[in-house]
Each structure stands twice: as C-alpha cells, then as structure tokens.
$ cat protein_6.pdb   # PDB, C-alpha atoms, pLDDT in the B column
ATOM      1  CA  MET U   1    -125.490-221.975 -28.625  1.00 51.00           C
ATOM      2  CA  SER U   2    -122.084-221.750 -30.336  1.00 62.00           C
ATOM      3  CA  ASN U   3    -119.233-219.323 -30.204  1.00 87.00           C
ATOM      4  CA  PHE U   4    -118.787-219.017 -33.980  1.00 89.00           C
ATOM      5  CA  LYS U   5    -118.072-215.586 -35.405  1.00 88.00           C
ATOM      6  CA  VAL U   6    -117.747-214.116 -38.884  1.00 90.00           C
ATOM      7  CA  GLY U   7    -114.494-215.260 -40.492  1.00 87.00           C
ATOM      8  CA  ASP U   8    -114.221-218.550 -38.573  1.00 90.00           C
ATOM      9  CA  VAL U   9    -113.357-221.654 -40.570  1.00 91.00           C
ATOM     10  CA  VAL U  10    -115.815-224.427 -39.724  1.00 93.00           C
ATOM     11  CA  GLU U  11    -116.192-228.070 -40.686  1.00 92.00           C
ATOM     12  CA  ARG U  12    -119.420-230.068 -41.059  1.00 91.00           C
ATOM     13  CA  VAL U  13    -119.231-232.981 -38.588  1.00 91.00           C
ATOM     14  CA  THR U  14    -122.766-234.380 -38.786  1.00 87.00           C
ATOM     15  CA  PRO U  15    -125.134-234.577 -41.754  1.00 80.00           C
ATOM     16  CA  GLY U  16    -127.323-231.516 -42.024  1.00 67.00           C
ATOM     17  CA  GLY U  17    -129.783-232.244 -44.796  1.00 68.00           C
ATOM     18  CA  ILE U  18    -129.871-232.304 -48.579  1.00 72.00           C
ATOM     19  CA  SER U  19    -128.126-228.960 -49.154  1.00 77.00           C
ATOM     20  CA  GLY U  20    -125.435-226.861 -47.623  1.00 86.00           C
ATOM     21  CA  LEU U  21    -121.879-227.640 -46.663  1.00 89.00           C
ATOM     22  CA  PRO U  22    -121.151-231.340 -47.288  1.00 89.00           C
ATOM     23  CA  LEU U  23    -120.110-233.619 -44.431  1.00 89.00           C
ATOM     24  CA  GLY U  24    -116.359-233.325 -43.752  1.00 89.00           C
ATOM     25  CA  GLN U  25    -115.963-230.151 -45.831  1.00 90.00           C
ATOM     26  CA  GLN U  26    -114.796-226.780 -44.548  1.00 91.00           C
ATOM     27  CA  GLY U  27    -116.232-223.317 -45.086  1.00 91.00           C
ATOM     28  CA  ILE U  28    -115.967-219.736 -43.842  1.00 92.00           C
ATOM     29  CA  VAL U  29    -118.693-218.198 -41.665  1.00 92.00           C
ATOM     30  CA  VAL U  30    -120.126-215.032 -43.226  1.00 92.00           C
ATOM     31  CA  ASP U  31    -123.082-214.440 -40.885  1.00 91.00           C
ATOM     32  CA  VAL U  32    -124.259-215.620 -37.462  1.00 91.00           C
ATOM     33  CA  VAL U  33    -128.043-215.741 -36.978  1.00 90.00           C
ATOM     34  CA  TRP U  34    -130.717-216.790 -34.496  1.00 85.00           C
ATOM     35  CA  GLY U  35    -128.592-215.853 -31.509  1.00 84.00           C
ATOM     36  CA  GLY U  36    -125.750-218.110 -32.600  1.00 86.00           C
ATOM     37  CA  MET U  37    -127.917-221.155 -33.323  1.00 89.00           C
ATOM     38  CA  ALA U  38    -127.166-221.024 -37.074  1.00 91.00           C
ATOM     39  CA  VAL U  39    -124.606-219.580 -39.477  1.00 92.00           C
ATOM     40  CA  ARG U  40    -124.346-218.774 -43.153  1.00 92.00           C
ATOM     41  CA  ILE U  41    -121.276-220.118 -44.938  1.00 93.00           C
ATOM     42  CA  LYS U  42    -119.500-218.499 -47.882  1.00 91.00           C
ATOM     43  CA  GLY U  43    -120.559-220.041 -51.183  1.00 89.00           C
ATOM     44  CA  PHE U  44    -123.851-221.428 -49.886  1.00 86.00           C
ATOM     45  CA  GLY U  45    -126.041-218.346 -50.340  1.00 79.00           C
ATOM     46  CA  HIS U  46    -128.835-217.995 -47.813  1.00 80.00           C
ATOM     47  CA  TRP U  47    -128.651-221.620 -46.648  1.00 85.00           C
ATOM     48  CA  LEU U  48    -128.563-221.744 -42.831  1.00 89.00           C
ATOM     49  CA  HIS U  49    -126.311-224.284 -41.152  1.00 89.00           C
ATOM     50  CA  GLN U  50    -127.204-225.358 -37.617  1.00 89.00           C
ATOM     51  CA  THR U  51    -124.193-224.772 -35.401  1.00 90.00           C
ATOM     52  CA  SER U  52    -124.758-228.138 -33.694  1.00 89.00           C
ATOM     53  CA  THR U  53    -123.634-229.792 -36.966  1.00 90.00           C
ATOM     54  CA  LEU U  54    -120.379-227.798 -37.159  1.00 92.00           C
ATOM     55  CA  LYS U  55    -117.057-227.499 -35.338  1.00 92.00           C
ATOM     56  CA  HIS U  56    -114.150-225.085 -35.584  1.00 90.00           C
ATOM     57  CA  ALA U  57    -111.750-226.402 -38.227  1.00 87.00           C
ATOM     58  CA  GLU U  58    -108.122-227.020 -37.394  1.00 78.00           C
ATOM     59  CA  GLN U  59    -105.878-224.640 -39.276  1.00 72.00           C
ATOM     60  CA  ASP U  60    -102.164-225.171 -39.814  1.00 70.00           C
ATOM     61  CA  ASP U  61    -101.260-221.543 -39.144  1.00 64.00           C
ATOM     62  CA  PRO U  62    -104.134-219.064 -38.956  1.00 67.00           C
ATOM     63  CA  LEU U  63    -101.709-216.108 -38.746  1.00 71.00           C
ATOM     64  CA  PRO U  64     -99.305-214.912 -41.411  1.00 76.00           C
ATOM     65  CA  PRO U  65     -95.675-215.784 -40.718  1.00 78.00           C
ATOM     66  CA  ALA U  66     -93.833-213.552 -38.276  1.00 80.00           C
ATOM     67  CA  PRO U  67     -91.018-211.480 -39.778  1.00 87.00           C
ATOM     68  CA  GLU U  68     -87.430-212.432 -38.920  1.00 91.00           C
ATOM     69  CA  SER U  69     -86.801-208.835 -37.864  1.00 93.00           C
ATOM     70  CA  VAL U  70     -88.202-205.366 -38.489  1.00 94.00           C
ATOM     71  CA  ARG U  71     -86.555-201.940 -38.726  1.00 93.00           C
ATOM     72  CA  TYR U  72     -88.498-198.752 -37.953  1.00 91.00           C
ATOM     73  CA  TYR U  73     -86.879-195.435 -38.900  1.00 91.00           C
ATOM     74  CA  THR U  74     -87.681-192.679 -36.417  1.00 84.00           C
ATOM     75  CA  VAL U  75     -86.545-189.667 -38.469  1.00 79.00           C
ATOM     76  CA  PRO U  76     -86.522-188.985 -42.230  1.00 81.00           C
ATOM     77  CA  SER U  77     -82.695-188.873 -42.396  1.00 79.00           C
ATOM     78  CA  LYS U  78     -82.600-192.577 -41.437  1.00 79.00           C
ATOM     79  CA  THR U  79     -79.897-192.004 -38.833  1.00 88.00           C
ATOM     80  CA  GLN U  80     -82.130-193.155 -35.959  1.00 93.00           C
ATOM     81  CA  TYR U  81     -84.055-196.400 -35.964  1.00 93.00           C
ATOM     82  CA  LEU U  82     -85.445-199.298 -33.939  1.00 93.00           C
ATOM     83  CA  ASP U  83     -84.624-202.898 -34.768  1.00 95.00           C
ATOM     84  CA  ILE U  84     -87.083-205.488 -33.429  1.00 96.00           C
ATOM     85  CA  LEU U  85     -86.034-209.155 -33.491  1.00 95.00           C
ATOM     86  CA  PRO U  86     -86.310-212.357 -31.482  1.00 94.00           C
ATOM     87  CA  ASN U  87     -83.207-213.405 -29.584  1.00 94.00           C
ATOM     88  CA  GLU U  88     -81.801-216.786 -28.581  1.00 93.00           C
ATOM     89  CA  PHE U  89     -83.364-216.549 -25.108  1.00 94.00           C
ATOM     90  CA  GLY U  90     -86.959-216.489 -26.379  1.00 93.00           C
ATOM     91  CA  GLU U  91     -87.335-212.747 -25.847  1.00 96.00           C
ATOM     92  CA  VAL U  92     -88.196-209.877 -28.170  1.00 96.00           C
ATOM     93  CA  GLU U  93     -85.155-207.633 -28.476  1.00 97.00           C
ATOM     94  CA  ILE U  94     -85.625-203.932 -29.209  1.00 96.00           C
ATOM     95  CA  ARG U  95     -82.485-202.112 -30.329  1.00 95.00           C
ATOM     96  CA  SER U  96     -82.661-198.328 -30.355  1.00 94.00           C
ATOM     97  CA  ILE U  97     -79.924-196.993 -32.614  1.00 92.00           C
ATOM     98  CA  LEU U  98     -78.914-193.306 -32.595  1.00 91.00           C
ATOM     99  CA  PRO U  99     -75.924-191.764 -34.420  1.00 90.00           C
ATOM    100  CA  ASP U 100     -73.589-192.100 -31.406  1.00 91.00           C
ATOM    101  CA  PHE U 101     -75.499-194.393 -29.059  1.00 93.00           C
ATOM    102  CA  ALA U 102     -77.325-197.718 -28.965  1.00 95.00           C
ATOM    103  CA  SER U 103     -79.556-199.172 -26.286  1.00 96.00           C
ATOM    104  CA  TYR U 104     -81.093-202.613 -26.012  1.00 96.00           C
ATOM    105  CA  ASN U 105     -84.331-203.657 -24.318  1.00 97.00           C
ATOM    106  CA  TYR U 106     -85.618-207.194 -23.891  1.00 97.00           C
ATOM    107  CA  LEU U 107     -89.276-208.155 -23.499  1.00 96.00           C
ATOM    108  CA  THR U 108     -90.910-211.471 -22.743  1.00 95.00           C
ATOM    109  CA  PRO U 109     -93.412-212.535 -25.429  1.00 92.00           C
ATOM    110  CA  ASP U 110     -96.309-211.580 -23.096  1.00 92.00           C
ATOM    111  CA  ALA U 111     -94.822-208.138 -22.433  1.00 94.00           C
ATOM    112  CA  ALA U 112     -94.260-207.644 -26.192  1.00 94.00           C
ATOM    113  CA  LEU U 113     -97.929-208.471 -26.869  1.00 92.00           C
ATOM    114  CA  GLN U 114     -99.034-206.014 -24.212  1.00 94.00           C
ATOM    115  CA  LEU U 115     -96.769-203.349 -25.716  1.00 94.00           C
ATOM    116  CA  ALA U 116     -98.244-203.997 -29.165  1.00 93.00           C
ATOM    117  CA  HIS U 117    -101.786-203.618 -27.810  1.00 92.00           C
ATOM    118  CA  ASP U 118    -100.885-200.442 -25.915  1.00 94.00           C
ATOM    119  CA  LEU U 119     -99.153-198.901 -28.938  1.00 93.00           C
ATOM    120  CA  ARG U 120    -102.179-199.646 -31.120  1.00 92.00           C
ATOM    121  CA  ARG U 121    -104.583-198.074 -28.628  1.00 93.00           C
ATOM    122  CA  MET U 122    -102.360-194.989 -28.289  1.00 94.00           C
ATOM    123  CA  ALA U 123    -102.029-194.581 -32.063  1.00 92.00           C
ATOM    124  CA  MET U 124    -105.787-195.020 -32.588  1.00 92.00           C
ATOM    125  CA  ASP U 125    -106.462-192.385 -29.911  1.00 93.00           C
ATOM    126  CA  ILE U 126    -104.107-189.926 -31.641  1.00 94.00           C
ATOM    127  CA  LYS U 127    -105.762-190.570 -35.028  1.00 92.00           C
ATOM    128  CA  ARG U 128    -109.233-190.139 -33.486  1.00 92.00           C
ATOM    129  CA  LYS U 129    -108.211-186.785 -31.989  1.00 92.00           C
ATOM    130  CA  GLU U 130    -106.743-185.655 -35.335  1.00 92.00           C
ATOM    131  CA  ARG U 131    -110.033-186.447 -37.120  1.00 90.00           C
ATOM    132  CA  GLN U 132    -112.028-184.510 -34.536  1.00 89.00           C
ATOM    133  CA  GLY U 133    -109.852-181.475 -35.158  1.00 77.00           C
TER     134      GLY U 133
END

$ encode --input "protein_6.pdb" --output "structure tokens"
Amino acid sequence: MSNFKVGDVVERVTPGGISGLPLGQQGIVVDVVWGGMAVRIKGFGHWLHQTSTLKHAEQDDPLPPAPESVRYYTVPSKTQYLDILPNEFGEVEIRSILPDFASYNYLTPDAALQLAHDLRRMAMDIKRKERQG
C-alpha cells in the first residue's frame, strides 16, 4: 500500500505495461483506488497505475515563494497596521503600528506556523457561525 494522495506528483520507476505513464516520466495523481494499491494519473484517462511502479517525484519548490514582507491594515483609515517580515535572527517579526505607538513581537518559525494554523481555525469558526446565522 502507498501513501499517494490526489495532487501528488509521481514518477514511473519500473515498467508498468504497454500503456500509461512512461518509465521516467512524471504525472499528477487525480484519483487513488483499490485502497491505495493503484492511482489514476492526469492525462491518462481511466488507466490504472500500480503504486508499486511509482515513487513521489522530487520537486524543486512545491510551495509558492514566501513574500519578503506583508502589511495588514487593521482599520479602514490605514492608520493602524501589522507588518510581518523575517528578521536577521531567523525569526518572524510582527510589528504592530498604531498612530502614536509601535510594538514588536518575535516568533520562532515553529511558533509562527502554529499561529497561522490557530488563526485559520479561528477565522473558519467565525465564518461557520456567520453562515449558521
């Protein structure tokens, strides 16, 4: 059994028959079938590829590039905002700028990831409650 999922980029590493993804070529998984024993690959219709003939393909950078910095305005007048940027110490710096005051917070990369996950869950919960009325 494999751990392939929809959207994974895979590469054929052993011959798999007369059709399907050619040996050494890469493709994108569009469906996982038979309990993970086979996958369908984009551009190859209903042809099933045994997962034992595939491996995860190496990708240069599977994520889009990170921004240099980001500014979030907290009020419509644009007098209050947050600046988020990496600093020279390998931390994520959060600058909170108010008309007469500024504060700075520093997070490790792991703490910044946790904050991002927590913010997303909080925002999704608020949106869910708004939809329910």

$ residues_around --input "protein_6.pdb" --residues "segment 21-26 of chain U" --least-positions-apart "2" --cutoff "6 Å" --atoms "all atoms listed in the file" --output "list of chain:residue names"
U:Val10, U:Glu11, U:Arg12, U:Val13, U:Pro15

$ resolve_selection --input "protein_6.pdb" --expression "the PyMOL selection byres ((chain U and resi 72-75) around 12)" --output "ChimeraX atom specification"
/U:69-71,76-85,94-99

$ closest_residue --input "protein_6.pdb" --among "U:Thr108, U:Gly35, U:Arg120, U:Phe101" --to "Phe89 of chain U" --atoms "only C-alpha atoms"
U:Thr108

$ atom_distance --input "protein_6.pdb" --atom1 "atom CA of Thr51 of chain U" --atom2 "atom CA of Val33 of chain U"
9.9 Å

$ atom_distance --input "protein_6.pdb" --atom1 "atom CA of Gly43 of chain U" --atom2 "atom CA of Val6 of chain U"
13.9 Å

$ atom_distance --input "protein_6.pdb" --atom1 "atom CA of Pro65 of chain U" --atom2 "atom CA of Val9 of chain U"
18.6 Å

$ closest_residue --input "protein_6.pdb" --among "U:Lys42, U:Lys55, U:Arg121, U:Arg128" --to "Gly20 of chain U" --atoms "all atoms listed in the file"
U:Lys42

$ residues_near_point --input "protein_6.pdb" --point "(-114.1, -214.7, -37.8)" --cutoff "12 Å" --atoms "all atoms listed in the file" --output "list of chain:residue names"
U:Asn3, U:Phe4, U:Lys5, U:Val6, U:Gly7, U:Asp8, U:Val9, U:Val10, U:Gly27, U:Ile28, U:Val29, U:Val30, U:Asp31, U:Val32, U:Val39, U:Ile41, U:His56, U:Ala57, U:Pro62

$ resolve_selection --input "protein_6.pdb" --expression "the PyMOL selection byres ((chain U and resi 109) around 8)" --output "list of chain:residue names"
U:Gly90, U:Glu91, U:Val92, U:Leu107, U:Thr108, U:Asp110, U:Ala111, U:Ala112, U:Leu113

$ closest_residue --input "protein_6.pdb" --among "U:Ser103, U:Gln50, U:Arg40, U:Leu63" --to "Thr14 of chain U" --atoms "only C-alpha atoms"
U:Gln50

$ closest_residue --input "protein_6.pdb" --among "U:Glu93, U:Leu48, U:Gln132, U:Gln59" --to "Gly36 of chain U" --atoms "only C-alpha atoms"
U:Leu48
